[in-house]
Structure formats: C-alpha cells, structure tokens
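input24.cif (mmCIF, N, CA and C atoms)
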data_structure
loop_
_atom_site.group_PDB
_atom_site.id
_atom_site.type_symbol
_atom_site.label_atom_id
_atom_site.label_comp_id
_atom_site.auth_asym_id
_atom_site.auth_seq_id
_atom_site.Cartn_x
_atom_site.Cartn_y
_atom_site.Cartn_z
ATOM 1 N N MET Q 1 103.232 115.935 81.229
ATOM 2 C CA MET Q 1 103.484 116.761 82.407
ATOM 3 C C MET Q 1 104.325 116.021 83.440
ATOM 4 N N TYR Q 2 104.012 114.732 83.676
ATOM 5 C CA TYR Q 2 104.693 113.988 84.719
ATOM 6 C C TYR Q 2 105.966 113.306 84.260
ATOM 7 N N GLU Q 3 106.260 113.334 82.975
ATOM 8 C CA GLU Q 3 107.392 112.553 82.494
ATOM 9 C C GLU Q 3 108.718 112.919 83.161
ATOM 10 N N ASN Q 4 108.803 114.105 83.719
ATOM 11 C CA ASN Q 4 110.041 114.507 84.380
ATOM 12 C C ASN Q 4 110.094 114.110 85.851
ATOM 13 N N ILE Q 5 108.953 113.688 86.412
ATOM 14 C CA ILE Q 5 108.970 113.337 87.830
ATOM 15 C C ILE Q 5 108.655 111.868 88.075
ATOM 16 N N ILE Q 6 107.916 111.228 87.185
ATOM 17 C CA ILE Q 6 107.668 109.792 87.296
ATOM 18 C C ILE Q 6 108.838 109.089 86.624
ATOM 19 N N GLN Q 7 109.474 108.210 87.355
ATOM 20 C CA GLN Q 7 110.610 107.478 86.795
ATOM 21 C C GLN Q 7 110.228 106.011 86.640
ATOM 22 N N ILE Q 8 110.449 105.487 85.449
ATOM 23 C CA ILE Q 8 110.188 104.078 85.172
ATOM 24 C C ILE Q 8 111.478 103.470 84.650
ATOM 25 N N GLN Q 9 111.880 102.402 85.291
ATOM 26 C CA GLN Q 9 113.098 101.708 84.878
ATOM 27 C C GLN Q 9 112.714 100.274 84.522
ATOM 28 N N LYS Q 10 112.823 99.944 83.248
ATOM 29 C CA LYS Q 10 112.480 98.600 82.775
ATOM 30 C C LYS Q 10 113.648 97.650 83.031
ATOM 31 N N TRP Q 11 113.343 96.403 83.370
ATOM 32 C CA TRP Q 11 114.354 95.376 83.606
ATOM 33 C C TRP Q 11 115.058 95.107 82.283
ATOM 34 N N ASP Q 12 116.374 95.160 82.266
ATOM 35 C CA ASP Q 12 117.112 95.059 81.002
ATOM 36 C C ASP Q 12 117.940 93.788 80.869
ATOM 37 N N GLN Q 13 117.676 92.802 81.716
ATOM 38 C CA GLN Q 13 118.406 91.547 81.617
ATOM 39 C C GLN Q 13 117.468 90.450 81.103
ATOM 40 N N SER Q 14 118.035 89.413 80.509
ATOM 41 C CA SER Q 14 117.208 88.365 79.904
ATOM 42 C C SER Q 14 116.486 87.508 80.939
ATOM 43 N N ASP Q 15 117.102 87.270 82.088
ATOM 44 C CA ASP Q 15 116.459 86.486 83.138
ATOM 45 C C ASP Q 15 115.794 87.416 84.146
ATOM 46 N N PRO Q 16 114.561 87.095 84.541
ATOM 47 C CA PRO Q 16 113.906 87.953 85.543
ATOM 48 C C PRO Q 16 114.592 87.820 86.899
ATOM 49 N N PRO Q 17 114.509 88.848 87.718
ATOM 50 C CA PRO Q 17 115.136 88.799 89.037
ATOM 51 C C PRO Q 17 114.305 87.961 90.002
ATOM 52 N N THR Q 18 114.936 87.517 91.058
ATOM 53 C CA THR Q 18 114.197 86.858 92.135
ATOM 54 C C THR Q 18 113.718 87.927 93.112
ATOM 55 N N GLU Q 19 112.797 87.550 93.959
ATOM 56 C CA GLU Q 19 112.333 88.485 94.980
ATOM 57 C C GLU Q 19 113.490 88.894 95.893
ATOM 58 N N ALA Q 20 114.357 87.948 96.220
ATOM 59 C CA ALA Q 20 115.514 88.247 97.066
ATOM 60 C C ALA Q 20 116.444 89.248 96.381
ATOM 61 N N ASP Q 21 116.633 89.099 95.068
ATOM 62 C CA ASP Q 21 117.464 90.053 94.317
ATOM 63 C C ASP Q 21 116.909 91.469 94.457
ATOM 64 N N LEU Q 22 115.600 91.600 94.258
ATOM 65 C CA LEU Q 22 114.980 92.925 94.315
ATOM 66 C C LEU Q 22 115.001 93.493 95.725
ATOM 67 N N GLN Q 23 114.813 92.640 96.719
ATOM 68 C CA GLN Q 23 114.914 93.123 98.097
ATOM 69 C C GLN Q 23 116.312 93.672 98.372
ATOM 70 N N GLN Q 24 117.337 92.991 97.888
ATOM 71 C CA GLN Q 24 118.718 93.460 98.090
ATOM 72 C C GLN Q 24 118.944 94.801 97.394
ATOM 73 N N VAL Q 25 118.424 94.951 96.180
ATOM 74 C CA VAL Q 25 118.567 96.212 95.448
ATOM 75 C C VAL Q 25 117.897 97.344 96.228
ATOM 76 N N MET Q 26 116.701 97.089 96.697
ATOM 77 C CA MET Q 26 115.971 98.130 97.426
ATOM 78 C C MET Q 26 116.666 98.476 98.745
ATOM 79 N N GLN Q 27 117.122 97.459 99.459
ATOM 80 C CA GLN Q 27 117.811 97.714 100.721
ATOM 81 C C GLN Q 27 119.110 98.477 100.491
ATOM 82 N N ALA Q 28 119.808 98.178 99.400
ATOM 83 C CA ALA Q 28 121.042 98.905 99.071
ATOM 84 C C ALA Q 28 120.754 100.379 98.780
ATOM 85 N N ASP Q 29 119.520 100.670 98.339
ATOM 86 C CA ASP Q 29 119.100 102.055 98.105
ATOM 87 C C ASP Q 29 118.549 102.709 99.363
ATOM 88 N N GLY Q 30 118.662 102.017 100.497
ATOM 89 C CA GLY Q 30 118.182 102.564 101.761
ATOM 90 C C GLY Q 30 116.685 102.437 101.950
ATOM 91 N N LEU Q 31 116.051 101.546 101.192
ATOM 92 C CA LEU Q 31 114.609 101.363 101.277
ATOM 93 C C LEU Q 31 114.267 100.136 102.117
ATOM 94 N N ALA Q 32 113.110 100.155 102.735
ATOM 95 C CA ALA Q 32 112.622 99.032 103.537
ATOM 96 C C ALA Q 32 111.380 98.463 102.846
ATOM 97 N N PRO Q 33 111.579 97.519 101.927
ATOM 98 C CA PRO Q 33 110.452 97.030 101.126
ATOM 99 C C PRO Q 33 109.501 96.109 101.891
ATOM 100 N N TYR Q 34 108.248 96.163 101.466
ATOM 101 C CA TYR Q 34 107.263 95.185 101.916
ATOM 102 C C TYR Q 34 106.588 94.614 100.682
ATOM 103 N N ARG Q 35 106.061 93.431 100.831
ATOM 104 C CA ARG Q 35 105.502 92.667 99.706
ATOM 105 C C ARG Q 35 103.989 92.805 99.684
ATOM 106 N N TRP Q 36 103.433 92.923 98.486
ATOM 107 C CA TRP Q 36 101.991 92.840 98.320
ATOM 108 C C TRP Q 36 101.682 92.136 97.014
ATOM 109 N N SER Q 37 100.460 91.628 96.914
ATOM 110 C CA SER Q 37 100.058 90.947 95.694
ATOM 111 C C SER Q 37 98.582 91.188 95.441
ATOM 112 N N ASN Q 38 98.199 91.032 94.190
ATOM 113 C CA ASN Q 38 96.809 91.180 93.794
ATOM 114 C C ASN Q 38 96.445 90.155 92.745
ATOM 115 N N GLU Q 39 95.169 89.891 92.663
ATOM 116 C CA GLU Q 39 94.634 88.913 91.735
ATOM 117 C C GLU Q 39 94.517 89.493 90.323
ATOM 118 N N PRO Q 40 94.477 88.631 89.313
ATOM 119 C CA PRO Q 40 94.310 89.104 87.933
ATOM 120 C C PRO Q 40 93.082 89.997 87.789
ATOM 121 N N GLY Q 41 93.269 91.092 87.076
ATOM 122 C CA GLY Q 41 92.158 91.985 86.779
ATOM 123 C C GLY Q 41 91.761 92.937 87.880
ATOM 124 N N ASP Q 42 92.406 92.856 89.052
ATOM 125 C CA ASP Q 42 92.080 93.811 90.114
ATOM 126 C C ASP Q 42 92.316 95.229 89.601
ATOM 127 N N VAL Q 43 91.439 96.143 90.004
ATOM 128 C CA VAL Q 43 91.481 97.526 89.526
ATOM 129 C C VAL Q 43 91.640 98.473 90.710
ATOM 130 N N PHE Q 44 92.522 99.421 90.562
ATOM 131 C CA PHE Q 44 92.698 100.521 91.522
ATOM 132 C C PHE Q 44 92.290 101.790 90.793
ATOM 133 N N THR Q 45 91.212 102.417 91.227
ATOM 134 C CA THR Q 45 90.755 103.638 90.571
ATOM 135 C C THR Q 45 91.725 104.786 90.865
ATOM 136 N N ALA Q 46 91.565 105.870 90.137
ATOM 137 C CA ALA Q 46 92.476 107.013 90.261
ATOM 138 C C ALA Q 46 92.558 107.498 91.709
ATOM 139 N N HIS Q 47 93.781 107.638 92.170
ATOM 140 C CA HIS Q 47 94.053 108.100 93.529
ATOM 141 C C HIS Q 47 95.472 108.652 93.582
ATOM 142 N N GLU Q 48 95.831 109.205 94.718
ATOM 143 C CA GLU Q 48 97.199 109.679 94.927
ATOM 144 C C GLU Q 48 97.591 109.390 96.368
ATOM 145 N N HIS Q 49 98.888 109.489 96.625
ATOM 146 C CA HIS Q 49 99.413 109.200 97.962
ATOM 147 C C HIS Q 49 100.116 110.436 98.522
ATOM 148 N N THR Q 50 100.240 110.463 99.825
ATOM 149 C CA THR Q 50 100.931 111.575 100.492
ATOM 150 C C THR Q 50 102.415 111.294 100.650
ATOM 151 N N TYR Q 51 102.868 110.178 100.102
ATOM 152 C CA TYR Q 51 104.263 109.774 100.243
ATOM 153 C C TYR Q 51 104.816 109.349 98.887
ATOM 154 N N PHE Q 52 106.124 109.401 98.769
ATOM 155 C CA PHE Q 52 106.844 108.964 97.575
ATOM 156 C C PHE Q 52 106.982 107.450 97.672
ATOM 157 N N LYS Q 53 106.577 106.739 96.623
ATOM 158 C CA LYS Q 53 106.671 105.281 96.670
ATOM 159 C C LYS Q 53 107.537 104.754 95.548
ATOM 160 N N VAL Q 54 108.202 103.649 95.852
ATOM 161 C CA VAL Q 54 109.005 102.911 94.883
ATOM 162 C C VAL Q 54 108.413 101.519 94.812
ATOM 163 N N ILE Q 55 108.104 101.062 93.596
ATOM 164 C CA ILE Q 55 107.529 99.735 93.396
ATOM 165 C C ILE Q 55 108.394 98.957 92.418
ATOM 166 N N TYR Q 56 108.717 97.738 92.786
ATOM 167 C CA TYR Q 56 109.338 96.770 91.877
ATOM 168 C C TYR Q 56 108.343 95.632 91.673
ATOM 169 N N VAL Q 57 108.166 95.200 90.440
ATOM 170 C CA VAL Q 57 107.325 94.041 90.161
ATOM 171 C C VAL Q 57 108.192 92.791 90.294
ATOM 172 N N VAL Q 58 107.757 91.862 91.123
ATOM 173 C CA VAL Q 58 108.464 90.600 91.332
ATOM 174 C C VAL Q 58 108.018 89.580 90.281
ATOM 175 N N SER Q 59 106.703 89.491 90.076
ATOM 176 C CA SER Q 59 106.159 88.573 89.072
ATOM 177 C C SER Q 59 104.803 89.083 88.605
ATOM 178 N N GLY Q 60 104.367 88.577 87.458
ATOM 179 C CA GLY Q 60 103.117 89.036 86.880
ATOM 180 C C GLY Q 60 103.311 90.397 86.234
ATOM 181 N N SER Q 61 102.235 91.167 86.189
ATOM 182 C CA SER Q 61 102.314 92.498 85.592
ATOM 183 C C SER Q 61 101.227 93.396 86.157
ATOM 184 N N ILE Q 62 101.441 94.690 86.013
ATOM 185 C CA ILE Q 62 100.463 95.692 86.436
ATOM 186 C C ILE Q 62 100.627 96.896 85.518
ATOM 187 N N THR Q 63 99.498 97.412 85.074
ATOM 188 C CA THR Q 63 99.511 98.578 84.194
ATOM 189 C C THR Q 63 99.077 99.794 84.987
ATOM 190 N N PHE Q 64 99.942 100.788 85.029
ATOM 191 C CA PHE Q 64 99.646 102.042 85.705
ATOM 192 C C PHE Q 64 99.223 103.072 84.674
ATOM 193 N N GLY Q 65 98.204 103.822 85.029
ATOM 194 C CA GLY Q 65 97.764 104.927 84.194
ATOM 195 C C GLY Q 65 97.917 106.222 84.957
ATOM 196 N N PHE Q 66 98.181 107.269 84.219
ATOM 197 C CA PHE Q 66 98.348 108.589 84.804
ATOM 198 C C PHE Q 66 97.346 109.492 84.091
ATOM 199 N N PRO Q 67 96.145 109.673 84.681
ATOM 200 C CA PRO Q 67 95.044 110.335 83.987
ATOM 201 C C PRO Q 67 95.393 111.663 83.323
ATOM 202 N N ILE Q 68 96.216 112.451 83.929
ATOM 203 C CA ILE Q 68 96.538 113.748 83.343
ATOM 204 C C ILE Q 68 97.413 113.605 82.095
ATOM 205 N N ASP Q 69 98.155 112.518 82.017
ATOM 206 C CA ASP Q 69 99.085 112.304 80.905
ATOM 207 C C ASP Q 69 98.470 111.434 79.812
ATOM 208 N N GLY Q 70 97.642 110.471 80.210
ATOM 209 C CA GLY Q 70 96.981 109.606 79.250
ATOM 210 C C GLY Q 70 97.837 108.515 78.652
ATOM 211 N N LYS Q 71 99.003 108.247 79.206
ATOM 212 C CA LYS Q 71 99.900 107.232 78.677
ATOM 213 C C LYS Q 71 100.113 106.129 79.709
ATOM 214 N N PRO Q 72 99.347 105.031 79.614
ATOM 215 C CA PRO Q 72 99.559 103.928 80.573
ATOM 216 C C PRO Q 72 100.867 103.204 80.286
ATOM 217 N N ILE Q 73 101.412 102.585 81.324
ATOM 218 C CA ILE Q 73 102.657 101.819 81.196
ATOM 219 C C ILE Q 73 102.490 100.497 81.939
ATOM 220 N N THR Q 74 102.844 99.416 81.271
ATOM 221 C CA THR Q 74 102.768 98.096 81.896
ATOM 222 C C THR Q 74 104.132 97.721 82.439
ATOM 223 N N LEU Q 75 104.149 97.337 83.699
ATOM 224 C CA LEU Q 75 105.369 96.897 84.361
ATOM 225 C C LEU Q 75 105.310 95.392 84.558
ATOM 226 N N SER Q 76 106.431 94.733 84.299
ATOM 227 C CA SER Q 76 106.568 93.287 84.458
ATOM 228 C C SER Q 76 107.738 93.005 85.392
ATOM 229 N N ALA Q 77 108.063 91.735 85.574
ATOM 230 C CA ALA Q 77 109.098 91.322 86.518
ATOM 231 C C ALA Q 77 110.382 92.125 86.355
ATOM 232 N N GLY Q 78 110.808 92.736 87.460
ATOM 233 C CA GLY Q 78 112.045 93.501 87.503
ATOM 234 C C GLY Q 78 111.873 94.978 87.233
ATOM 235 N N ASP Q 79 110.735 95.387 86.695
ATOM 236 C CA ASP Q 79 110.525 96.804 86.380
ATOM 237 C C ASP Q 79 110.281 97.602 87.654
ATOM 238 N N ARG Q 80 110.710 98.873 87.613
ATOM 239 C CA ARG Q 80 110.616 99.757 88.778
ATOM 240 C C ARG Q 80 109.840 101.015 88.425
ATOM 241 N N LEU Q 81 109.005 101.447 89.361
ATOM 242 C CA LEU Q 81 108.279 102.708 89.249
ATOM 243 C C LEU Q 81 108.614 103.559 90.461
ATOM 244 N N ASP Q 82 109.073 104.784 90.219
ATOM 245 C CA ASP Q 82 109.266 105.777 91.275
ATOM 246 C C ASP Q 82 108.139 106.786 91.110
ATOM 247 N N LEU Q 83 107.280 106.876 92.106
ATOM 248 C CA LEU Q 83 106.080 107.693 92.016
ATOM 249 C C LEU Q 83 106.048 108.716 93.146
ATOM 250 N N PRO Q 84 106.285 109.980 92.814
ATOM 251 C CA PRO Q 84 106.278 111.018 93.848
ATOM 252 C C PRO Q 84 104.899 111.197 94.481
ATOM 253 N N ALA Q 85 104.892 111.729 95.682
ATOM 254 C CA ALA Q 85 103.646 112.043 96.379
ATOM 255 C C ALA Q 85 102.817 113.002 95.532
ATOM 256 N N GLY Q 86 101.510 112.826 95.595
ATOM 257 C CA GLY Q 86 100.594 113.752 94.941
ATOM 258 C C GLY Q 86 100.328 113.495 93.473
ATOM 259 N N VAL Q 87 100.953 112.481 92.876
ATOM 260 C CA VAL Q 87 100.737 112.184 91.462
ATOM 261 C C VAL Q 87 99.554 111.230 91.345
ATOM 262 N N GLN Q 88 98.495 111.688 90.691
ATOM 263 C CA GLN Q 88 97.320 110.840 90.517
ATOM 264 C C GLN Q 88 97.634 109.700 89.556
ATOM 265 N N HIS Q 89 97.172 108.511 89.915
ATOM 266 C CA HIS Q 89 97.412 107.325 89.093
ATOM 267 C C HIS Q 89 96.321 106.295 89.348
ATOM 268 N N ASN Q 90 96.203 105.357 88.424
ATOM 269 C CA ASN Q 90 95.317 104.216 88.585
ATOM 270 C C ASN Q 90 96.104 102.990 88.167
ATOM 271 N N ALA Q 91 95.519 101.817 88.368
ATOM 272 C CA ALA Q 91 96.247 100.598 87.998
ATOM 273 C C ALA Q 91 95.278 99.454 87.745
ATOM 274 N N VAL Q 92 95.701 98.558 86.844
ATOM 275 C CA VAL Q 92 94.970 97.332 86.559
ATOM 276 C C VAL Q 92 95.993 96.190 86.577
ATOM 277 N N VAL Q 93 95.706 95.169 87.368
ATOM 278 C CA VAL Q 93 96.592 94.020 87.484
ATOM 279 C C VAL Q 93 96.435 93.136 86.250
ATOM 280 N N GLY Q 94 97.552 92.615 85.755
ATOM 281 C CA GLY Q 94 97.575 91.800 84.551
ATOM 282 C C GLY Q 94 96.932 90.434 84.718
ATOM 283 N N PRO Q 95 96.887 89.660 83.638
ATOM 284 C CA PRO Q 95 96.176 88.375 83.616
ATOM 285 C C PRO Q 95 96.778 87.287 84.508
ATOM 286 N N ASP Q 96 98.014 87.446 84.931
ATOM 287 C CA ASP Q 96 98.647 86.462 85.820
ATOM 288 C C ASP Q 96 98.761 86.979 87.247
ATOM 289 N N GLY Q 97 98.060 88.066 87.559
ATOM 290 C CA GLY Q 97 98.188 88.678 88.876
ATOM 291 C C GLY Q 97 99.484 89.472 88.958
ATOM 292 N N ALA Q 98 99.779 89.955 90.142
ATOM 293 C CA ALA Q 98 101.020 90.707 90.346
ATOM 294 C C ALA Q 98 101.497 90.541 91.775
ATOM 295 N N VAL Q 99 102.793 90.362 91.910
ATOM 296 C CA VAL Q 99 103.471 90.386 93.202
ATOM 297 C C VAL Q 99 104.473 91.527 93.105
ATOM 298 N N CYS Q 100 104.442 92.416 94.082
ATOM 299 C CA CYS Q 100 105.319 93.586 94.045
ATOM 300 C C CYS Q 100 106.004 93.796 95.388
ATOM 301 N N LEU Q 101 107.109 94.491 95.335
ATOM 302 C CA LEU Q 101 107.769 95.007 96.528
ATOM 303 C C LEU Q 101 107.609 96.516 96.468
ATOM 304 N N GLU Q 102 107.253 97.098 97.603
ATOM 305 C CA GLU Q 102 107.034 98.543 97.659
ATOM 306 C C GLU Q 102 107.742 99.103 98.876
ATOM 307 N N ALA Q 103 108.196 100.334 98.733
ATOM 308 C CA ALA Q 103 108.807 101.045 99.850
ATOM 309 C C ALA Q 103 108.487 102.521 99.725
ATOM 310 N N HIS Q 104 108.486 103.201 100.843
ATOM 311 C CA HIS Q 104 108.290 104.644 100.851
ATOM 312 C C HIS Q 104 109.652 105.294 101.045
ATOM 313 N N LYS Q 105 109.861 106.421 100.403
ATOM 314 C CA LYS Q 105 111.138 107.102 100.583
ATOM 315 C C LYS Q 105 110.907 108.595 100.704
ATOM 316 N N MET Q 106 111.933 109.271 101.119
ATOM 317 C CA MET Q 106 111.849 110.721 101.263
ATOM 318 C C MET Q 106 111.674 111.342 99.887
ATOM 319 N N GLN Q 107 110.845 112.372 99.807
ATOM 320 C CA GLN Q 107 110.603 113.069 98.544
ATOM 321 C C GLN Q 107 111.898 113.675 98.042
ATOM 322 N N GLU Q 108 112.125 113.527 96.751
ATOM 323 C CA GLU Q 108 113.350 114.077 96.150
ATOM 324 C C GLU Q 108 113.126 115.482 95.674
#
Output the file's structure in the form of structure tokens.
Amino acid sequence: MYENIIQIQKWDQSDPPTEADLQQVMQADGLAPYRWSNEPGDVFTAHEHTYFKVIYVVSGSITFGFPIDGKPITLSAGDRLDLPAGVQHNAVVGPDGAVCLEAHKMQE
C-alpha cells in the first residue's frame, strides 16, 4: 500500500558519505537537518507523525517497519527515507547504534 508514497534511496557509492556531505545534500534540497542518535537495540514502537520527514543515516543502521505493509527495510550509512505524514512505522536500531540527520519538509 505504501510503496508509492514511502521513498527509500539506498547509498550507491562504495565509500560511505560523511555527515558534512549529507548535510550539504539536505541543505541543497532546502531542508534544515538536525542530528540524532540512538543506542544499539533501541526500539520505537508503531507510531506516526503529523509532518513529512526525511532521514539520512550517517552511521550505523536502523530497520524501519511499516505494519500495514509487513516489509521492514534496513537503512545504513548514506541511505535516505522519505516518510509522509500519517504513515505508521516502527524502528529498531542496529547493533552498532545509529546516527541520523532528519528534517521536516512540506508534504508533497
């Protein structure tokens, strides 16, 4: 159901990006990113947001699940998730923790 509105862009280069690289990419897209991090194994139960969010993974990994779809996706360094408002999701932080950049944007 969500495959047409949830956008996932996997990093396609051999070297992972730096945090500064990702900040520049986000700023070039008109986004104002902020940084957050979580410890290995941290769990976010199913929830949704009232805003459209864009997340880039800087380091580590995080697996997002979409309960209605049943297909979890693991994001690693450089991967991007575009998540529209109102889409229920959950997440589990990978074994090395996760550092991410996130920004809110206008709904498309």
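Atom C of Asn90 of chain Q is found 11.8 Å from atom CA of Gly41 of chain Q.
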Inset, instruction - Identify all residues satisfying the PyMOL selection byres (((chain Q and resi 59-74 and name CA) around 10) and name CA) in the given file; provide them as a VMD selection string. - result: chain Q and resid 1 to 3 6 8 10 16 to 19 37 to 47 56 to 58 75 to 79 81 87 to 101
Legend entry - Test item: residues at most 10 Å from Ala32 of chain Q, only C-alpha atoms, excluding those fewer than 6 positions along its chain, as a ChimeraX atom specification: /Q:23-24,26,101-105
Legend entry - Top pick for closest residue to Asp82 of chain Q, considering Q:Tyr34, Q:Gln27, Q:Lys53, Q:Ser14 and counting all atoms listed in the file: Q:Lys53
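Going from atom CA of Glu48 of chain Q over to atom CA of Trp11 of chain Q, you cover 25.0 Å.
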Inset, instruction - Would you mind writing down, as a list of chain:residue names, each residue of segment 10-94 of chain Q that DSSP on the backbone assigns to helix (DSSP H, G or I)? - result: Q:Glu19, Q:Ala20, Q:Asp21, Q:Leu22, Q:Gln23, Q:Gln24, Q:Val25, Q:Met26, Q:Gln27, Q:Ala28
Resulting file, chosen residues, N, CA and C atoms, as a PDB file, in the frame of the given file:
ATOM      1  N   GLU Q  19     112.797  87.550  93.959  1.00  0.00           N
ATOM      2  CA  GLU Q  19     112.333  88.485  94.980  1.00  0.00           C
ATOM      3  C   GLU Q  19     113.490  88.894  95.893  1.00  0.00           C
ATOM      4  N   ALA Q  20     114.357  87.948  96.220  1.00  0.00           N
ATOM      5  CA  ALA Q  20     115.514  88.247  97.066  1.00  0.00           C
ATOM      6  C   ALA Q  20     116.444  89.248  96.381  1.00  0.00           C
ATOM      7  N   ASP Q  21     116.633  89.099  95.068  1.00  0.00           N
ATOM      8  CA  ASP Q  21     117.464  90.053  94.317  1.00  0.00           C
ATOM      9  C   ASP Q  21     116.909  91.469  94.457  1.00  0.00           C
ATOM     10  N   LEU Q  22     115.600  91.600  94.258  1.00  0.00           N
ATOM     11  CA  LEU Q  22     114.980  92.925  94.315  1.00  0.00           C
ATOM     12  C   LEU Q  22     115.001  93.493  95.725  1.00  0.00           C
ATOM     13  N   GLN Q  23     114.813  92.640  96.719  1.00  0.00           N
ATOM     14  CA  GLN Q  23     114.914  93.123  98.097  1.00  0.00           C
ATOM     15  C   GLN Q  23     116.312  93.672  98.372  1.00  0.00           C
ATOM     16  N   GLN Q  24     117.337  92.991  97.888  1.00  0.00           N
ATOM     17  CA  GLN Q  24     118.718  93.460  98.090  1.00  0.00           C
ATOM     18  C   GLN Q  24     118.944  94.801  97.394  1.00  0.00           C
ATOM     19  N   VAL Q  25     118.424  94.951  96.180  1.00  0.00           N
ATOM     20  CA  VAL Q  25     118.567  96.212  95.448  1.00  0.00           C
ATOM     21  C   VAL Q  25     117.897  97.344  96.228  1.00  0.00           C
ATOM     22  N   MET Q  26     116.701  97.089  96.697  1.00  0.00           N
ATOM     23  CA  MET Q  26     115.971  98.130  97.426  1.00  0.00           C
ATOM     24  C   MET Q  26     116.666  98.476  98.745  1.00  0.00           C
ATOM     25  N   GLN Q  27     117.122  97.459  99.459  1.00  0.00           N
ATOM     26  CA  GLN Q  27     117.811  97.714 100.721  1.00  0.00           C
ATOM     27  C   GLN Q  27     119.110  98.477 100.491  1.00  0.00           C
ATOM     28  N   ALA Q  28     119.808  98.178  99.400  1.00  0.00           N
ATOM     29  CA  ALA Q  28     121.042  98.905  99.071  1.00  0.00           C
ATOM     30  C   ALA Q  28     120.754 100.379  98.780  1.00  0.00           C
TER      31      ALA Q  28
END
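Coordinates place atom C of Ile55 of chain Q at a distance of 9.2 Å from atom C of Leu22 of chain Q.
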Inset, instruction - From a DSSP calculation on the backbone, collect every residue of segment 17-70 of chain Q in strand (DSSP E) and output the set as a PyMOL selection string. - result: chain Q and resi 34-38+43-47+52-65
Inset, instruction - Give me the result of the PyMOL selection byres (((chain Q and resi 84 and name CA) around 6) and name CA) on this file, residue by residue, as a ChimeraX atom specification. - result: /Q:52,83,85
